[in-house]
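Since the structure comes first, as structure tokens, the remarks are kept for the end.
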Amino acid sequence: MDQLNLDDIEALALGATLLGTGGGGDPYIAKLMMRQAIEEFGPVEVVEAVDLPPNSLILSTAIIGAPTVILEKIPAGTEFVAGIRSLAAYLGKEPAAVMAIEVGGANTLLPIATAAEMGLPIVNADGMRRAYPQIEMTVFTLGGLSAGPLSVADEKGNRCVFETTTNQIAETLARTAVIQLGLANAISCYPMTAGQLVEHGIQGSITYCTRLGHLLEDVKAGREGAWQTFLDESESVEFFTGKVIDLDRRTTEGFARSTVILEHLDDGNRTMRIEVQNENLIAFEDGEAVITTPNLICMLDSETYDPITTESIAYGNRLIVIGMPCAPEWHVEGMLDLVGPRAFGYDLDFVELPG
Amino acid sequence: MNKARDLRVGVDVGGTNTDAVLVDSAGAVLTSVKVATTPDPIDGIRAALDAVLKGADTARISKAMLGTTHPANAIIQRTGLDSVGILRLAAPSSLGVRPGAAWPEDIHTVVLRSAAIIEGGHEYNGQPIAPLDEEAARRFAGDVQANGCGAVAVSAAFSPAVTDHELRAGEILAEELGFDFPVSLSHQVGSLNLLERENATILNAALLSVAKSVTDGFQAALAERNLQVDAYITQNDGTLMTVEEAARFPVLTLGSGPTNSMRGACALAQVSDALVVDVGGTSTDVGILVEGFPRESSAAVEVGGVRTNFRMPDLISMGLGGGTIVRGTGRDVAVGPDSVGYAVVTEALCVGGGTLTLSDISLAGGRLDGFGDSSLVAEVDSATVTAALEWVDSQLTVMVDRIKSARADMPLLAVGGGAHLIPDDFPGVSEIHRPENYQVANAYGAAIAEASGAVDKVYSYDASSREECLDEARELASNVAIRSGADPEQVRITNVTEIPMTYVPGGGCRVMVKAAGPLA
């Protein structure tokens with residue numbers, strides 16, 4: 001794939017919902033924005049980081065705010081452009097490409113809309129290849145890259161650039177700015193060169209996401225063997241098919257925490273419990289952790305094979321739970337301290353997927 | 001001497017049949033009728049009223065309730081819809097997604113005539129995004145006239161919380177277009193989620209002519225029969241709107257059919273927590289009653305391909321009804337999904353027709369009596385009957401199991417004209433109720449419907465305690481219900497939903513409360 005156009009949107013959105021692992025923000029609005037931007041400005045070129053001059057500048061964009069607010073105050077599109085431009089002005093250098101920090105959820109598609117509007121390519125790489133709730137939870141942090149300087153922008157022309165000492169402080173400062181700016185804003189962080197992205201980023205994320213979306217489209221269309229092909233290509237493991245028998249939602253410290261309990265469809269004695277903090281983080285079968293972050297826990301409707309977000313889960317839903325390996329780039333020193341079970345407050349060891 | 005005015009008449013227009021019931025103050029059914037739904041539904045309503053009122057003392061009737069699928073069909077068939085101009089107050093935000101962005105092309109072409117996004121609307125904390133651009137609103141009114149729009153829909157960011165800008169825009173449009181020009185304001189139609197609320201408001205505006213023909217027709221039909229009554233229309237949640245309100249907010253009636261049937265089943269069987277299986281002529285709906293009201297769907301609801309944020313009954317539906325056509329024999333039998341629909345009364349084998357339907361199977365299998373002649377189905381071989389009934393049972397079992405939220409057995413209410421197809425024995429079901437008058441549960445649901453009020457507001461639990469906020473919301477909802485006609489002595493809270501807002505400071509929480517009570 002060297003170009004993204006209107007025909008790719010559905011597959012990309014499907015893949016992005018899957019990689020959102022239950023969170024990441026509903027890509028629905030981002031999908032509509034991507035469609036409008038491509039209709040207006042034309043298709044978006046996809047480039048590999050390695051094909052760009054090593055010292056060229058890559059700038060990211062993402063939406064930051066509160067999901068409930070974003071559904072009421074839809075982005076203009078211009079705030080993402082403004083965020084990138086203000087960071088470029090601060091750095092005194094023009095970007096060669098736009099990047100998604102988080103290929104998973106809404107932030108997969110928004111940067112593509114922004115790239116269309118700016119007439120720039122989207123780089124085929126990211127910092128998560130799944131969704132996480134905080135800015136510092138990237139492979140870039142593990143590679144020693146700084147989230148700052150970073151910019152936050154709104155749709156009215158307000159922009160700020162922060163210099164930050166740690167990526168955790170970057171998260172705190174950005175969130176504080178966003179509260180003042182209406183909780184539906186643009187952030188551009190982790191400015192880096194193409195060379196740094198080649199060294200520390202997850203390569204191929206956009207094509208990976210689109211490929212998963214196409215494979216799921218085949219499954220949804222009922223093509224023979226499509227589910228097995230999907231599992232094989234994504235190296236996923238099917239763990240459980242069950243029915244939601246309990247659902248507990250609560251919000252603490254700004255996270256949407258919930259616990260989902262499934263009862264196996266064929267064996268009422270088997271249950272699976274999934275712990276959620278915006279994203280699905282740990283799956284327990286009969287009390288034992290079987291899938292843990294940073295591997296992906298994805299739930300799909302057992303009939304339609306639609307990936308299911310936590311907020312849309314209801315009692316009685318019949319779901320397939322799969323475990324997907326996280327991008328191999330995560331497996332470097334410091335991974336578990338940053339995104340392992342203990343980083344989210346679970347006193348558990350990381351569990352490898354079987355097979 | 002004043003006679004007691006203690007009766008009410010309920011009418012429900014379904015896809016196949018129009019049903020009517022006459023009910024006394026204790027809720028007892030005095031008469032019930034079923035007639036065929038007509039191309040112009042008002043004809044069916046007239047026929048149903050004539051039949052149900054035959055011999056009744058019409059002076060005793062004080063209220064008439066109508067549930068109708070007419071507006072829903074107008075959307076699904078894209079007929080009779082007005083063209084709409086859409087004014088969104090949210091710029092400079094929201095420009096990334098145009099009004100009507102995800103509408104199917106066929107309805108987009110018919111309905112969306114003109115659109116503008118102008119400065120206005122509010123932030124989550126109540127601050128204006130920008131002052132309302134009144135000049136732009138006047139210019140938009142000019143576009144509406146130039147493009148010949150039949151109605152206008154106005155939406156604004158966070159209007160469910162701050163209504164000022166939509167109200168002011170409504171005044172400006174009235175000044176420019178005349179006070180009779182139909183304008184729908186989004187905060188009066190839907191709740192939070194701008195795009196879905198805007199979609200619902202556009203649909204509402206597009207339905208105003210259809211709604212007027214229904215409410216005028218209903219009132220004319222009542223007047224022609226010398227009924228001096230208060231007239232109501234049922235809405236999505238099974239409660240009532242006056243005909244005047246229904247004429248302004250027709251989109252709120254779109255999901256009323258299944259709700260009426262479930263509410264009716266609940267009242268007829270005197271069971272408030274149960275599964276409801278409604279088998280009609282063409283399709284079966286399975287839903288679940290929780291404390292007397294249908295459990296609502298959590299997912300976005302599409303109406304004719306347009307995404308809205310209405311809360312509709314959580315239903316599983318499939319093509320299985322009394323008129324469903326049965327083909328093949330023995331183990332090779334194939335059932336549906338097509339149906340002869342209302343023509344089952346003439347087309348089915350058991351009434352001398354030429355089509356093998358599930359009603360014939362039910363009769364041959366001993367489930368149906370009181371309809372058709374069993375000698376006419378004697379030639380249907382028993383293997384075919386057994387296989388078709390096994391198919392019916394397995395489909396119903398799966399639907400019931402899918403809708404259940406817990407493993408514990410629950411009672412099941414069997415309603416609708418095709419309810420005879422429901423077997424007496426079901427896994428996961430504690431007992432099966434076949435309430436009297438089950439065939440007209442939907443019209444009964446309309447006749448016994450209550451008045452209601454709803455509140456959808458964002459509270460800060462840090463500013464005042466959660467209990468104080470919930471108390472205020474409960475009181476607001478009760479007051480709305482009373483204003484809608486509920487008896488102040490009997491209003492009760494029927495639903496409280498809290499949605500914590502992630503990443504929003506100050507313990508922000510969206511609170512949705514519903515109250516309902518019998519008409520005073």
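Residue numbering restarts at 1 in every chain; chains get A, B, ... in the order shown in the structure tokens, and ligands count up from 1 in that same order.
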Identify all chain B residues at most 10 Å from chain A by counting only C-alpha atoms; ligands do not count. Present them as a ChimeraX atom specification. /B:90-98,101-102,121-127,129-130,156-160,191-197,297-300,401-407,498-510
Might you pull out every residue within 12 Å of Glu135 (chain B), with only C-alpha atoms counted and same-chain residues fewer than 3 positions away left off, and present them as JSON, numbers by chain? {"B": [118, 119, 120, 131, 132, 138, 139, 140, 141, 142, 169, 172, 173, 176]}
Could you turn the residues from that selection into a file that holds N, CA and C atoms, as a short mmCIF file (atom, residue, chain, number, x, y, z; two decimals), in the first residue's frame?
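Below is the file that was written, result28.cif:
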```cif
data_model
loop_
_atom_site.label_atom_id
_atom_site.label_comp_id
_atom_site.auth_asym_id
_atom_site.auth_seq_id
_atom_site.Cartn_x
_atom_site.Cartn_y
_atom_site.Cartn_z
N ILE B 118 -22.23 27.53 11.98
CA ILE B 118 -21.90 28.91 12.31
C ILE B 118 -21.39 29.00 13.74
N GLU B 119 -20.81 30.14 14.10
CA GLU B 119 -20.24 30.31 15.43
C GLU B 119 -21.33 30.28 16.50
N GLY B 120 -21.01 29.56 17.57
CA GLY B 120 -21.96 29.44 18.67
C GLY B 120 -21.71 28.14 19.42
N PRO B 131 -19.51 33.55 20.74
CA PRO B 131 -20.84 34.16 20.80
C PRO B 131 -21.64 33.71 19.57
N LEU B 132 -22.95 33.59 19.73
CA LEU B 132 -23.78 33.18 18.60
C LEU B 132 -23.67 34.22 17.47
N ARG B 138 -29.19 34.71 10.28
CA ARG B 138 -30.13 35.36 9.36
C ARG B 138 -29.81 35.01 7.91
N ARG B 139 -28.51 34.96 7.60
CA ARG B 139 -28.13 34.57 6.22
C ARG B 139 -28.59 33.15 5.92
N PHE B 140 -28.47 32.27 6.93
CA PHE B 140 -28.91 30.88 6.74
C PHE B 140 -30.41 30.83 6.44
N ALA B 141 -31.17 31.69 7.14
CA ALA B 141 -32.62 31.74 6.88
C ALA B 141 -32.88 32.08 5.41
N GLY B 142 -32.05 32.97 4.86
CA GLY B 142 -32.17 33.31 3.45
C GLY B 142 -31.93 32.09 2.56
N ALA B 169 -31.37 31.16 18.31
CA ALA B 169 -31.39 30.88 16.87
C ALA B 169 -32.83 30.60 16.42
N ILE B 172 -34.56 33.90 15.95
CA ILE B 172 -34.12 34.58 14.73
C ILE B 172 -34.76 33.94 13.50
N LEU B 173 -34.80 32.61 13.49
CA LEU B 173 -35.41 31.92 12.34
C LEU B 173 -36.90 32.26 12.25
N GLU B 176 -37.28 35.64 10.72
CA GLU B 176 -36.95 35.69 9.29
C GLU B 176 -37.91 34.88 8.43
#
```
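Distance annotation: of B:Asn437, B:Asn204, B:Asn479, B:Ser32, the residue with the minimal separation from Asp82 (chain B) is B:Asn204; atom set is only C-alpha atoms.
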Fewer than 6 positions away in the same chain doesn't count, so skip those; otherwise give me all residues within 12 Å of Leu358 (chain B), counting only C-alpha atoms, as a PyMOL selection string. chain B and resi 279-283+319-327+333-341+344+347-350+364-365+367-368+377+380+384-392+418-422
For the structure I just gave you, how does DSSP split region 41-197 of chain B - specifically, which residues are strand (DSSP E or B)? Reply as an MDAnalysis selection string. chainID B and resid 61:68 84:91 112:119 122 128 151:156 183:185
Using only C-alpha atoms: which of B:Ser155, B:Ser362, B:Thr215, B:Ser430 has the shortest distance to Pro41 (chain B): B:Thr215
One decimal, Å: what's the distance from CA of Glu166 (chain B) over to CA of Ala473 (chain B), could you say?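 Separating CA of Glu166 (chain B) from CA of Ala473 (chain B) is a distance of 22.5 Å.
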As a PyMOL selection string, please: every residue in region 194-316 of chain A that a backbone DSSP assignment puts in alpha helix (DSSP H). chain A and resi 194-200+205-220+226-234
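Among the candidates A:Thr114, A:Ser151, A:Thr193, A:Gln134, the residue lying nearest to Leu57 (chain A) is A:Thr193 (atoms considered: only C-alpha atoms).
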